[in-house]
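Visitor: So that you have it, the file is coords14.cif, and it contains mmCIF, C-alpha atoms and all ligand atoms:
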```
data_work
loop_
_atom_site.label_atom_id
_atom_site.label_comp_id
_atom_site.auth_asym_id
_atom_site.auth_seq_id
_atom_site.Cartn_x
_atom_site.Cartn_y
_atom_site.Cartn_z
CA MET R 1 7.95 17.50 25.88
CA LYS R 2 4.94 18.32 23.76
CA ARG R 3 1.61 18.25 25.60
CA PRO R 4 -0.51 16.26 26.01
CA PHE R 5 2.28 13.90 27.01
CA ALA R 6 0.74 12.17 30.04
CA MET R 7 -2.83 11.08 30.71
CA LEU R 8 -4.77 10.26 33.87
CA ALA R 9 -5.68 6.67 32.95
CA ALA R 10 -7.86 5.97 36.01
CA THR R 11 -8.53 7.17 39.55
CA GLY R 12 -9.89 5.43 42.66
CA HIS R 13 -10.58 6.54 46.20
CA ALA R 14 -11.13 5.17 49.69
CA VAL R 15 -12.21 6.72 52.99
CA PRO R 16 -12.40 5.35 56.55
CA LYS R 17 -15.71 3.82 57.64
CA ARG R 18 -16.48 6.13 60.57
CA VAL R 19 -18.53 9.23 59.69
CA LEU R 20 -18.33 12.13 62.14
CA ARG R 21 -21.32 14.48 61.82
CA ASN R 22 -21.18 18.17 62.79
CA ASP R 23 -23.64 17.72 65.65
CA GLU R 24 -21.32 15.20 67.30
CA PHE R 25 -18.75 17.92 68.12
CA VAL R 26 -21.05 19.39 70.76
CA GLY R 27 -21.08 16.05 72.59
CA MET R 28 -17.27 16.11 72.45
CA GLY R 29 -17.25 19.34 74.49
CA ILE R 30 -16.40 21.65 71.58
CA ASP R 31 -18.06 25.08 71.56
CA THR R 32 -19.51 24.92 68.05
CA SER R 33 -22.73 24.04 66.22
CA ASP R 34 -23.87 22.24 63.10
CA GLU R 35 -25.29 25.55 61.86
CA TRP R 36 -21.99 27.47 62.26
CA ILE R 37 -19.96 24.78 60.50
CA ARG R 38 -22.44 24.41 57.60
CA GLU R 39 -22.83 28.16 57.07
CA ARG R 40 -19.14 29.09 57.30
CA THR R 41 -17.66 26.04 55.53
CA GLY R 42 -20.36 23.98 53.77
CA ILE R 43 -19.22 20.87 55.69
CA ARG R 44 -21.86 18.48 57.12
CA GLU R 45 -19.70 15.46 57.96
CA ARG R 46 -16.29 13.92 57.43
CA HIS R 47 -14.70 10.43 57.62
CA ILE R 48 -12.31 9.74 60.49
CA ALA R 49 -9.87 6.83 60.65
CA GLY R 50 -10.54 4.24 63.31
CA GLU R 51 -8.56 1.41 64.83
CA GLY R 52 -6.46 -0.38 62.19
CA GLU R 53 -7.15 2.20 59.47
CA THR R 54 -3.84 3.80 58.56
CA LEU R 55 -2.69 6.13 55.80
CA THR R 56 -1.01 3.09 54.25
CA SER R 57 -4.14 0.91 54.35
CA ILE R 58 -6.53 3.59 53.04
CA SER R 59 -4.07 4.67 50.32
CA ALA R 60 -3.46 1.08 49.24
CA GLU R 61 -7.24 0.55 48.98
CA ALA R 62 -7.59 3.64 46.76
CA ALA R 63 -4.58 2.52 44.71
CA ARG R 64 -5.99 -0.99 44.15
CA LEU R 65 -9.22 0.50 42.80
CA ALA R 66 -7.32 2.85 40.45
CA MET R 67 -5.13 -0.04 39.25
CA LYS R 68 -8.19 -2.22 38.63
CA ARG R 69 -9.88 0.56 36.68
CA ALA R 70 -6.71 1.15 34.62
CA GLY R 71 -6.06 -2.58 34.09
CA VAL R 72 -2.62 -2.26 35.68
CA THR R 73 -0.97 -4.82 38.00
CA ALA R 74 1.32 -4.00 40.94
CA SER R 75 4.36 -5.36 39.13
CA GLU R 76 3.78 -2.87 36.29
CA LEU R 77 4.15 0.17 38.58
CA ASP R 78 7.42 2.03 37.93
CA VAL R 79 6.93 4.85 40.44
CA ILE R 80 4.69 5.51 43.47
CA ILE R 81 4.37 9.12 44.61
CA LEU R 82 2.39 9.93 47.75
CA GLY R 83 1.38 13.52 48.46
CA THR R 84 0.70 13.80 52.19
CA ALA R 85 1.14 16.07 55.18
CA SER R 86 0.19 13.34 57.66
CA PRO R 87 2.49 10.35 57.07
CA ASP R 88 2.11 7.17 59.12
CA ARG R 89 5.66 7.59 60.41
CA LEU R 90 8.18 10.41 60.10
CA LEU R 91 10.67 7.89 58.72
CA PRO R 92 10.53 6.12 56.32
CA ALA R 93 8.22 7.64 53.70
CA THR R 94 4.69 6.19 53.75
CA ALA R 95 4.97 5.61 49.98
CA VAL R 96 7.37 2.72 50.60
CA GLU R 97 4.89 1.18 53.05
CA ILE R 98 2.22 1.44 50.34
CA GLN R 99 4.65 -0.12 47.87
CA ALA R 100 5.09 -3.08 50.25
CA ALA R 101 1.32 -3.36 50.84
CA LEU R 102 0.67 -3.46 47.08
CA GLY R 103 3.60 -5.78 46.31
CA ALA R 104 4.85 -3.28 43.73
CA THR R 105 8.37 -4.70 43.86
CA ARG R 106 9.76 -2.87 40.80
CA ALA R 107 8.61 0.61 41.82
CA VAL R 108 10.59 3.51 43.25
CA ALA R 109 8.45 5.11 45.98
CA PHE R 110 8.66 8.45 47.74
CA ASP R 111 6.53 11.06 49.55
CA ILE R 112 6.12 14.73 48.74
CA ASP R 113 4.76 17.28 51.19
CA ALA R 114 2.87 20.04 49.45
CA ALA R 115 -0.13 19.85 51.84
CA CYS R 116 -3.43 20.25 49.94
CA SER R 117 -1.57 20.65 46.62
CA GLY R 118 0.21 17.29 47.08
CA TRP R 119 -1.71 15.29 44.46
CA LEU R 120 -1.50 18.11 41.92
CA TYR R 121 2.27 18.50 42.47
CA GLY R 122 2.61 14.70 42.32
CA ILE R 123 0.86 14.49 38.95
CA GLN R 124 3.12 17.21 37.52
CA ILE R 125 6.26 15.48 38.88
CA ALA R 126 5.00 12.21 37.38
CA GLU R 127 4.45 13.87 34.00
CA GLY R 128 8.09 15.02 34.09
CA LEU R 129 9.30 11.51 35.01
CA LEU R 130 7.31 9.98 32.13
CA ALA R 131 8.92 12.52 29.80
CA THR R 132 12.42 11.24 30.70
CA GLY R 133 11.50 8.02 28.93
CA GLY R 134 12.64 5.89 31.87
CA TYR R 135 9.17 5.17 33.29
CA GLU R 136 5.88 3.97 31.83
CA THR R 137 3.32 3.61 34.62
CA ILE R 138 3.15 5.91 37.65
CA LEU R 139 0.83 5.80 40.65
CA VAL R 140 0.16 9.19 42.24
CA ILE R 141 -1.73 9.19 45.55
CA GLY R 142 -3.05 12.05 47.64
CA GLY R 143 -3.75 10.67 51.11
CA GLU R 144 -4.23 12.05 54.60
CA GLN R 145 -5.03 11.12 58.17
CA LEU R 146 -5.55 14.69 59.33
CA SER R 147 -7.60 13.48 62.30
CA ARG R 148 -4.25 12.41 63.82
CA ILE R 149 -2.67 15.88 63.57
CA VAL R 150 -5.55 18.26 64.34
CA ASN R 151 -6.01 19.67 67.80
CA TRP R 152 -9.35 18.23 68.93
CA LYS R 153 -9.68 21.08 71.46
CA ASP R 154 -9.33 23.83 68.82
CA ARG R 155 -12.72 24.62 67.26
CA ASN R 156 -10.99 26.82 64.65
CA THR R 157 -9.50 23.76 62.98
CA CYS R 158 -10.88 20.44 64.26
CA VAL R 159 -14.25 20.85 62.51
CA LEU R 160 -12.64 21.39 59.09
CA PHE R 161 -10.67 18.28 58.27
CA GLY R 162 -11.27 14.65 57.31
CA ASP R 163 -9.33 11.52 56.33
CA GLY R 164 -9.15 9.68 53.01
CA ALA R 165 -7.12 8.92 49.90
CA GLY R 166 -7.39 9.22 46.13
CA ALA R 167 -5.07 7.48 43.69
CA THR R 168 -4.41 8.06 39.99
CA ILE R 169 -2.56 5.99 37.38
CA LEU R 170 -0.56 8.11 34.95
CA LYS R 171 0.53 6.80 31.56
CA LYS R 172 1.74 8.22 28.28
CA SER R 173 -0.96 10.03 26.37
CA THR R 174 -2.96 8.41 23.59
CA LYS R 175 -5.53 9.90 21.20
CA GLY R 176 -4.77 13.49 22.26
CA ARG R 177 -5.95 12.80 25.82
CA GLY R 178 -4.06 14.07 28.85
CA ILE R 179 -2.58 17.11 30.57
CA LEU R 180 -3.02 20.20 28.38
CA SER R 181 -1.57 22.70 30.87
CA ALA R 182 -0.08 22.64 34.35
CA TYR R 183 1.01 25.25 36.88
CA MET R 184 2.65 25.08 40.35
CA ARG R 185 3.64 27.80 42.81
CA SER R 186 4.66 28.19 46.45
CA ASP R 187 5.37 31.01 48.90
CA GLY R 188 7.29 30.10 52.04
CA THR R 189 7.13 33.63 53.48
CA LEU R 190 3.58 32.76 54.61
CA ALA R 191 4.45 29.35 56.10
CA ASP R 192 3.46 30.30 59.66
CA LEU R 193 -0.17 30.97 58.74
CA LEU R 194 -0.87 27.23 58.54
CA HIS R 195 1.62 24.93 60.23
CA ARG R 196 2.57 22.55 63.05
CA PRO R 197 4.80 24.87 65.12
CA LYS R 198 6.72 22.19 67.03
CA GLY R 199 7.50 18.49 67.07
CA GLY R 200 9.95 18.53 64.15
CA CYS R 201 13.75 18.68 64.42
CA LEU R 202 13.59 22.42 65.16
CA ALA R 203 11.71 21.74 68.40
CA PRO R 204 11.65 18.00 69.13
CA VAL R 205 8.69 16.68 71.08
CA THR R 206 8.74 17.22 74.86
CA PRO R 207 6.03 16.56 77.48
CA GLU R 208 5.40 20.37 77.50
CA ILE R 209 4.85 20.45 73.74
CA ILE R 210 2.44 17.55 73.97
CA ALA R 211 0.59 19.25 76.83
CA ASP R 212 0.13 22.58 75.01
CA GLY R 213 -0.64 20.93 71.65
CA SER R 214 1.94 22.96 69.70
CA HIS R 215 2.93 19.84 67.73
CA LEU R 216 -0.55 19.89 66.16
CA LEU R 217 -1.96 21.80 63.22
CA THR R 218 -2.70 25.48 63.80
CA MET R 219 -4.13 27.94 61.30
CA ALA R 220 -4.84 31.66 60.93
CA GLY R 221 -8.14 30.86 59.17
CA ARG R 222 -9.10 34.29 57.87
CA GLU R 223 -5.63 34.96 56.38
CA VAL R 224 -5.51 31.49 54.83
CA PHE R 225 -8.98 32.08 53.39
CA LYS R 226 -7.93 35.35 51.69
CA ASN R 227 -4.76 33.81 50.26
CA ALA R 228 -6.64 30.73 49.07
CA VAL R 229 -9.17 32.83 47.15
CA ARG R 230 -6.45 35.01 45.59
CA SER R 231 -4.12 32.14 44.66
CA MET R 232 -6.81 29.84 43.30
CA ALA R 233 -8.13 32.68 41.12
CA ASP R 234 -4.61 33.24 39.73
CA ALA R 235 -4.11 29.50 39.24
CA SER R 236 -7.35 29.08 37.30
CA ASP R 237 -6.33 31.93 34.95
CA ARG R 238 -2.92 30.30 34.40
CA ALA R 239 -4.44 26.89 33.66
CA LEU R 240 -6.79 28.31 31.02
CA ASP R 241 -4.06 30.50 29.46
CA GLY R 242 -1.65 27.57 29.38
CA ALA R 243 -4.19 25.38 27.59
CA LYS R 244 -5.25 28.29 25.31
CA LEU R 245 -8.85 27.69 26.36
CA SER R 246 -11.63 29.83 27.79
CA ALA R 247 -14.02 29.13 30.66
CA ALA R 248 -16.68 27.98 28.18
CA ASP R 249 -14.39 25.12 27.10
CA ILE R 250 -14.32 23.63 30.60
CA ASP R 251 -16.83 20.80 31.14
CA LEU R 252 -16.06 20.35 34.84
CA MET R 253 -13.99 22.15 37.44
CA ILE R 254 -12.62 20.14 40.38
CA PRO R 255 -11.22 22.52 42.98
CA HIS R 256 -9.59 21.62 46.30
CA GLN R 257 -12.43 21.06 48.78
CA ALA R 258 -11.62 23.25 51.81
CA ASN R 259 -14.61 25.53 52.14
CA ILE R 260 -17.68 26.05 49.93
CA ARG R 261 -17.12 29.81 50.04
CA ILE R 262 -13.59 29.44 48.61
CA ILE R 263 -14.92 27.07 45.93
CA GLU R 264 -17.68 29.53 44.96
CA ALA R 265 -15.24 32.47 44.83
CA THR R 266 -12.85 30.49 42.61
CA ALA R 267 -15.66 29.43 40.27
CA LYS R 268 -16.98 33.00 40.08
CA HIS R 269 -13.53 34.39 39.23
CA ALA R 270 -13.02 31.73 36.55
CA ASN R 271 -16.50 32.44 35.16
CA ILE R 272 -17.54 28.81 35.56
CA PRO R 273 -21.15 28.22 36.73
CA MET R 274 -21.54 26.15 39.92
CA GLU R 275 -23.40 23.44 37.92
CA LYS R 276 -20.01 22.69 36.34
CA VAL R 277 -18.14 22.58 39.65
CA TYR R 278 -17.75 19.31 41.55
CA VAL R 279 -18.44 19.72 45.28
CA ASN R 280 -18.17 17.07 47.99
CA VAL R 281 -16.78 19.17 50.87
CA ASP R 282 -20.16 18.65 52.56
CA ARG R 283 -19.49 14.88 52.92
CA PHE R 284 -15.72 14.73 53.39
CA GLY R 285 -14.56 18.07 54.82
CA ASN R 286 -11.05 19.15 53.87
CA THR R 287 -9.02 16.02 53.15
CA SER R 288 -6.00 18.08 52.02
CA ALA R 289 -3.96 16.19 49.36
CA ALA R 290 -6.75 13.61 49.01
CA SER R 291 -9.50 16.09 48.22
CA ILE R 292 -9.05 16.50 44.45
CA PRO R 293 -8.47 12.81 43.59
CA ILE R 294 -11.42 11.73 45.78
CA ALA R 295 -13.59 14.24 43.91
CA LEU R 296 -12.22 13.11 40.54
CA SER R 297 -12.90 9.46 41.35
CA GLU R 298 -16.46 10.27 42.41
CA ALA R 299 -17.10 12.47 39.35
CA GLN R 300 -15.99 9.63 37.07
CA GLU R 301 -18.16 7.12 38.95
CA GLN R 302 -21.13 9.46 38.44
CA GLY R 303 -20.46 9.67 34.68
CA LEU R 304 -19.74 13.40 34.84
CA ILE R 305 -16.50 12.96 32.87
CA LYS R 306 -16.73 11.36 29.44
CA GLU R 307 -14.14 10.67 26.76
CA GLY R 308 -13.19 14.10 25.41
CA SER R 309 -14.32 16.02 28.54
CA THR R 310 -12.09 18.92 29.56
CA VAL R 311 -11.55 19.22 33.31
CA MET R 312 -9.79 21.96 35.28
CA PHE R 313 -8.16 21.24 38.66
CA VAL R 314 -7.19 23.98 41.13
CA ALA R 315 -5.44 23.45 44.49
CA PHE R 316 -4.21 25.50 47.44
CA GLY R 317 -2.60 24.47 50.72
CA ALA R 318 -0.13 24.99 53.53
CA GLY R 319 3.27 26.32 52.53
CA PHE R 320 1.64 28.12 50.88
CA THR R 321 1.46 25.89 47.83
CA TRP R 322 -0.94 26.19 44.94
CA GLY R 323 -1.41 25.10 41.37
CA SER R 324 -3.72 24.08 38.58
CA MET R 325 -4.10 21.82 35.60
CA VAL R 326 -6.34 21.37 32.57
CA VAL R 327 -6.81 17.77 31.44
CA ARG R 328 -8.62 16.29 28.46
CA PHE R 329 -10.06 12.85 29.30
N1 LIG R 401 -17.69 27.03 65.75
C1 LIG R 401 -18.16 28.21 66.18
N2 LIG R 401 -17.47 29.35 66.10
C2 LIG R 401 -16.24 29.29 65.55
C3 LIG R 401 -15.69 28.09 65.07
C4 LIG R 401 -16.45 26.93 65.20
N3 LIG R 401 -16.02 25.70 64.78
N4 LIG R 401 -14.46 28.33 64.58
C5 LIG R 401 -14.25 29.64 64.72
N5 LIG R 401 -15.31 30.23 65.31
C6 LIG R 401 -15.49 31.62 65.69
C7 LIG R 401 -14.17 32.32 65.88
O1 LIG R 401 -13.68 32.10 67.18
C8 LIG R 401 -14.57 33.76 65.66
O2 LIG R 401 -15.15 34.27 66.83
P1 LIG R 401 -14.82 35.78 67.31
O3 LIG R 401 -15.30 36.65 66.18
O4 LIG R 401 -15.60 35.86 68.56
O5 LIG R 401 -13.34 35.81 67.49
C9 LIG R 401 -15.67 33.67 64.60
O6 LIG R 401 -16.12 32.31 64.62
C10 LIG R 401 -15.19 34.01 63.22
O7 LIG R 401 -13.97 33.36 62.97
P2 LIG R 401 -13.22 33.48 61.59
O8 LIG R 401 -11.98 32.68 61.61
O9 LIG R 401 -13.13 34.88 61.17
O10 LIG R 401 -14.31 32.75 60.67
P3 LIG R 401 -14.32 32.60 59.12
O11 LIG R 401 -15.59 33.02 58.58
O12 LIG R 401 -13.07 33.13 58.50
O13 LIG R 401 -14.28 31.02 58.94
C11 LIG R 401 -12.71 29.26 58.46
C12 LIG R 401 -13.22 30.28 59.48
C13 LIG R 401 -13.83 28.32 58.13
C14 LIG R 401 -11.55 28.50 59.07
C15 LIG R 401 -12.26 29.98 57.20
O14 LIG R 401 -11.42 31.07 57.54
C16 LIG R 401 -11.52 29.10 56.23
O15 LIG R 401 -12.10 28.25 55.59
N6 LIG R 401 -10.20 29.32 56.04
C17 LIG R 401 -9.44 28.64 55.02
C18 LIG R 401 -9.11 27.23 55.35
C19 LIG R 401 -8.41 26.62 54.14
O16 LIG R 401 -8.71 26.89 53.00
N7 LIG R 401 -7.42 25.81 54.29
C20 LIG R 401 -6.79 25.30 53.08
C21 LIG R 401 -5.58 24.75 53.29
S1 LIG R 401 -5.67 23.44 54.45
C22 LIG R 401 -4.20 22.59 54.37
O17 LIG R 401 -3.31 22.88 53.64
C23 LIG R 401 -3.98 21.41 55.26
#
```
Could you spell out this file's structure in structure tokens?
Guide:
Amino acid sequence: MKRPFAMLAATGHAVPKRVLRNDEFVGMGIDTSDEWIRERTGIRERHIAGEGETLTSISAEAARLAMKRAGVTASELDVIILGTASPDRLLPATAVEIQAALGATRAVAFDIDAACSGWLYGIQIAEGLLATGGYETILVIGGEQLSRIVNWKDRNTCVLFGDGAGATILKKSTKGRGILSAYMRSDGTLADLLHRPKGGCLAPVTPEIIADGSHLLTMAGREVFKNAVRSMADASDRALDGAKLSAADIDLMIPHQANIRIIEATAKHANIPMEKVYVNVDRFGNTSAASIPIALSEAQEQGLIKEGSTVMFVAFGAGFTWGSMVVRF
């Protein structure tokens, strides 16, 4: 496979209607403040799914927008890949529910769990599938309903996350556009720093587990922070090396939106000025696998990415998983 082989034809996004502002946590009995959350994370508000808003419905909405923008119909989809850590049900995969919602009868659909790196992994898997020659049009979604798996009594985590979905149509490259370099890594020795300790087959749900909340997301924030900064710095180097480009060649950087301080550290390491870094963590919080495609969709809506623009993506998440990509649009 000679790159660019696959291009990101179009991206769309969708988020739940309900906006939860930082100051609302105090009224929910959580010992925190708008000031603490803004200063330590850069987050002001996030979207939280309400009644009837599911991962399937939000993802399908994002997918429909991406398909409209790409001029693709549901029957043209060959593959649907959903990156998520918060599926609607543990079985079957939520991707097949999205397939049914879209009426994408010809597609093969499956989930991947790479936490915040899910969309980035999905795009790289899709590129490989396109290269087999057996598929033409692939839908890659990053979608989450993290509000359903956070512990609303744990101030260390509940203020950080939000819900939403971003969806991208991948096709074979034309006119030299597409993925110039791609990189993926993981390190399972650090899995316990960000995980849901119980509730899986290792420790099936019991009333005790539900009472102590150990089926919910728990995180060693400071350790995750340090690893995120280190891994995203490494990933940005790899992406540039792989594309044989320098920081000056990058028109826009779209990093995973977890914390403004991680974003700034990554940009500083990569030598990319903050004016060239897309930031929306203030409005959405950390939407895990959805964060990069939501940001990409917004950046395109705002005209920040033109034909010929070179964009760098960098992700990091639970696992740990991390990766990067340079794409010419
Ligand atoms: N409000 C007020 N105080 C708080 C809050 C809160 N919401 N949360 C924590 N604190 C307190 C802590 O209890 C601690 O108090 P102590 O010193 O009395 O013990 C103090 O603030 C400092 O806590 P730290 O955890 O050291 O704070 P830090 O500056 O590291 O910020 C944060 C915490 C925001 C979680 C940061 O570590 C972070 O962003 N980590 C990375 C998260 C991330 O990138 N995740 C990516 C992957 S997510 C995924 O894959 C799903």
Visitor: Taking all atoms listed in the file and a cut-off of 6 Å, can you tell me which residues surround ligand LIG 401 (chain R), written as a ChimeraX atom specification?
Guide: /R:32-33,36-37,40-41,115-116,155-156,159,221-222,224-225,228,258-259,288,317-318
Visitor: Between R:Ile263, R:Ala6, R:Ala299, R:Ala289, which one has atoms that come closest to R:Ile141, using all atoms listed in the file?
Guide: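 Checking each of R:Ile263, R:Ala6, R:Ala299, R:Ala289 against R:Ile141, counting all atoms listed in the file, the winner is R:Ala289.
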Visitor: Excluding R:Val79 and its own-chain neighbours fewer than 3 positions away, which residues fall within 8 Å of it when counting all atoms listed in the file? Please give them as a list in words.
Guide: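 Result of the neighbour search: Ala107, Val108, Ala109, Tyr135, Thr137, Ile138 and Leu139 of chain R.
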Visitor: Mind checking which residues fall within 6 Å of R:Thr56, counting all atoms listed in the file, ignoring those fewer than 3 positions away in the same chain, and posting them as a ChimeraX atom specification?
Guide: /R:59-60,98
Visitor: Please check which residues have atoms at most 12 Å from (10.5, 12.1, 31.4) in the file's coordinates, counting only C-alpha atoms, and write them as a ChimeraX atom specification.
Guide: /R:1-2,5-6,124-138,171-172
Visitor: With only C-alpha atoms as the basis for distance, which of R:Arg230, R:Thr321, R:Ile254, R:Val15 is at the shortest distance from R:Gly188?
Guide: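 Closest to R:Gly188, using only C-alpha atoms: R:Thr321.
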Visitor: So, counting all atoms listed in the file, which residue among R:Cys201, R:Met325, R:Ala191, R:Ala167 is closest to R:Ser236?
Guide: R:Met325
Visitor: Would you mind listing what lies within 10 Å of R:Glu223 as a list in words, with only C-alpha atoms counted and same-chain residues fewer than 5 positions away left out?
Guide: Leu190, Leu193, Leu194 and Ala228 of chain R
Visitor: With a distance cut-off of 10 Å and all atoms listed in the file, select the neighbouring residues of stretch 145-151 of chain R, excluding the residue or stretch itself and same-chain residues fewer than 4 positions from it, and output the selection as a VMD selection string.
Guide: chain R and resid 15 to 16 46 to 50 53 to 56 58 84 to 88 155 to 165 196 212 to 218 286 to 288 290
Visitor: How would you write as an mmCIF file with C-alpha atoms, in the frame of the given file the residues that get within 12 Å of (-17.1, 17.3, 73.0) in the file's frame, counting only C-alpha atoms?
Guide:
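Wrote it out as point_10.cif, contents follow:
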```cif
data_model
loop_
_atom_site.group_PDB
_atom_site.id
_atom_site.type_symbol
_atom_site.label_atom_id
_atom_site.label_comp_id
_atom_site.auth_asym_id
_atom_site.auth_seq_id
_atom_site.Cartn_x
_atom_site.Cartn_y
_atom_site.Cartn_z
ATOM 1 C CA ASN R 22 -21.180 18.170 62.790
ATOM 2 C CA ASP R 23 -23.640 17.720 65.650
ATOM 3 C CA GLU R 24 -21.320 15.200 67.300
ATOM 4 C CA PHE R 25 -18.750 17.920 68.120
ATOM 5 C CA VAL R 26 -21.050 19.390 70.760
ATOM 6 C CA GLY R 27 -21.080 16.050 72.590
ATOM 7 C CA MET R 28 -17.270 16.110 72.450
ATOM 8 C CA GLY R 29 -17.250 19.340 74.490
ATOM 9 C CA ILE R 30 -16.400 21.650 71.580
ATOM 10 C CA ASP R 31 -18.060 25.080 71.560
ATOM 11 C CA THR R 32 -19.510 24.920 68.050
ATOM 12 C CA SER R 33 -22.730 24.040 66.220
ATOM 13 C CA TRP R 152 -9.350 18.230 68.930
ATOM 14 C CA LYS R 153 -9.680 21.080 71.460
ATOM 15 C CA ASP R 154 -9.330 23.830 68.820
ATOM 16 C CA ARG R 155 -12.720 24.620 67.260
ATOM 17 C CA CYS R 158 -10.880 20.440 64.260
ATOM 18 C CA VAL R 159 -14.250 20.850 62.510
#
```
Visitor: Do you have the atom CA of R:Gly200-atom CA of R:Met219 distance handy?
Guide: 17.2 Å
Visitor: May I ask you to restore N, CA, C and O atoms in stretch 256-268 of chain R and write the result as an mmCIF file, in the coordinates of the input?
Guide:
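The resulting file, selection-v3.cif, is reproduced below:
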```
data_model
loop_
_atom_site.group_PDB
_atom_site.id
_atom_site.type_symbol
_atom_site.label_atom_id
_atom_site.label_comp_id
_atom_site.auth_asym_id
_atom_site.auth_seq_id
_atom_site.Cartn_x
_atom_site.Cartn_y
_atom_site.Cartn_z
ATOM 1 N N HIS R 256 -9.856 22.146 44.957
ATOM 2 C CA HIS R 256 -9.590 21.620 46.300
ATOM 3 C C HIS R 256 -10.796 21.938 47.185
ATOM 4 O O HIS R 256 -11.349 23.029 47.148
ATOM 5 N N GLN R 257 -11.204 20.938 47.980
ATOM 6 C CA GLN R 257 -12.430 21.060 48.780
ATOM 7 C C GLN R 257 -12.074 21.460 50.221
ATOM 8 O O GLN R 257 -11.888 20.598 51.085
ATOM 9 N N ALA R 258 -11.929 22.779 50.450
ATOM 10 C CA ALA R 258 -11.620 23.250 51.810
ATOM 11 C C ALA R 258 -12.823 23.923 52.435
ATOM 12 O O ALA R 258 -13.104 23.739 53.621
ATOM 13 N N ASN R 259 -13.529 24.692 51.618
ATOM 14 C CA ASN R 259 -14.610 25.530 52.140
ATOM 15 C C ASN R 259 -15.483 25.928 50.949
ATOM 16 O O ASN R 259 -14.958 26.378 49.922
ATOM 17 N N ILE R 260 -16.789 25.773 51.065
ATOM 18 C CA ILE R 260 -17.680 26.050 49.930
ATOM 19 C C ILE R 260 -17.556 27.510 49.472
ATOM 20 O O ILE R 260 -17.670 27.820 48.285
ATOM 21 N N ARG R 261 -17.241 28.402 50.432
ATOM 22 C CA ARG R 261 -17.120 29.810 50.040
ATOM 23 C C ARG R 261 -15.872 30.057 49.175
ATOM 24 O O ARG R 261 -15.888 30.886 48.271
ATOM 25 N N ILE R 262 -14.797 29.321 49.447
ATOM 26 C CA ILE R 262 -13.590 29.440 48.610
ATOM 27 C C ILE R 262 -13.872 28.854 47.221
ATOM 28 O O ILE R 262 -13.494 29.418 46.195
ATOM 29 N N ILE R 263 -14.579 27.721 47.203
ATOM 30 C CA ILE R 263 -14.920 27.070 45.930
ATOM 31 C C ILE R 263 -15.776 28.023 45.079
ATOM 32 O O ILE R 263 -15.518 28.216 43.884
ATOM 33 N N GLU R 264 -16.785 28.629 45.707
ATOM 34 C CA GLU R 264 -17.680 29.530 44.960
ATOM 35 C C GLU R 264 -16.920 30.761 44.440
ATOM 36 O O GLU R 264 -17.136 31.202 43.306
ATOM 37 N N ALA R 265 -16.011 31.297 45.260
ATOM 38 C CA ALA R 265 -15.240 32.470 44.830
ATOM 39 C C ALA R 265 -14.331 32.121 43.648
ATOM 40 O O ALA R 265 -14.187 32.902 42.700
ATOM 41 N N THR R 266 -13.748 30.921 43.695
ATOM 42 C CA THR R 266 -12.850 30.490 42.610
ATOM 43 C C THR R 266 -13.655 30.296 41.313
ATOM 44 O O THR R 266 -13.238 30.736 40.237
ATOM 45 N N ALA R 267 -14.814 29.663 41.441
ATOM 46 C CA ALA R 267 -15.660 29.430 40.270
ATOM 47 C C ALA R 267 -16.124 30.760 39.662
ATOM 48 O O ALA R 267 -16.116 30.945 38.441
ATOM 49 N N LYS R 268 -16.491 31.696 40.540
ATOM 50 C CA LYS R 268 -16.980 33.000 40.080
ATOM 51 C C LYS R 268 -15.856 33.732 39.314
ATOM 52 O O LYS R 268 -16.074 34.261 38.216
#
```
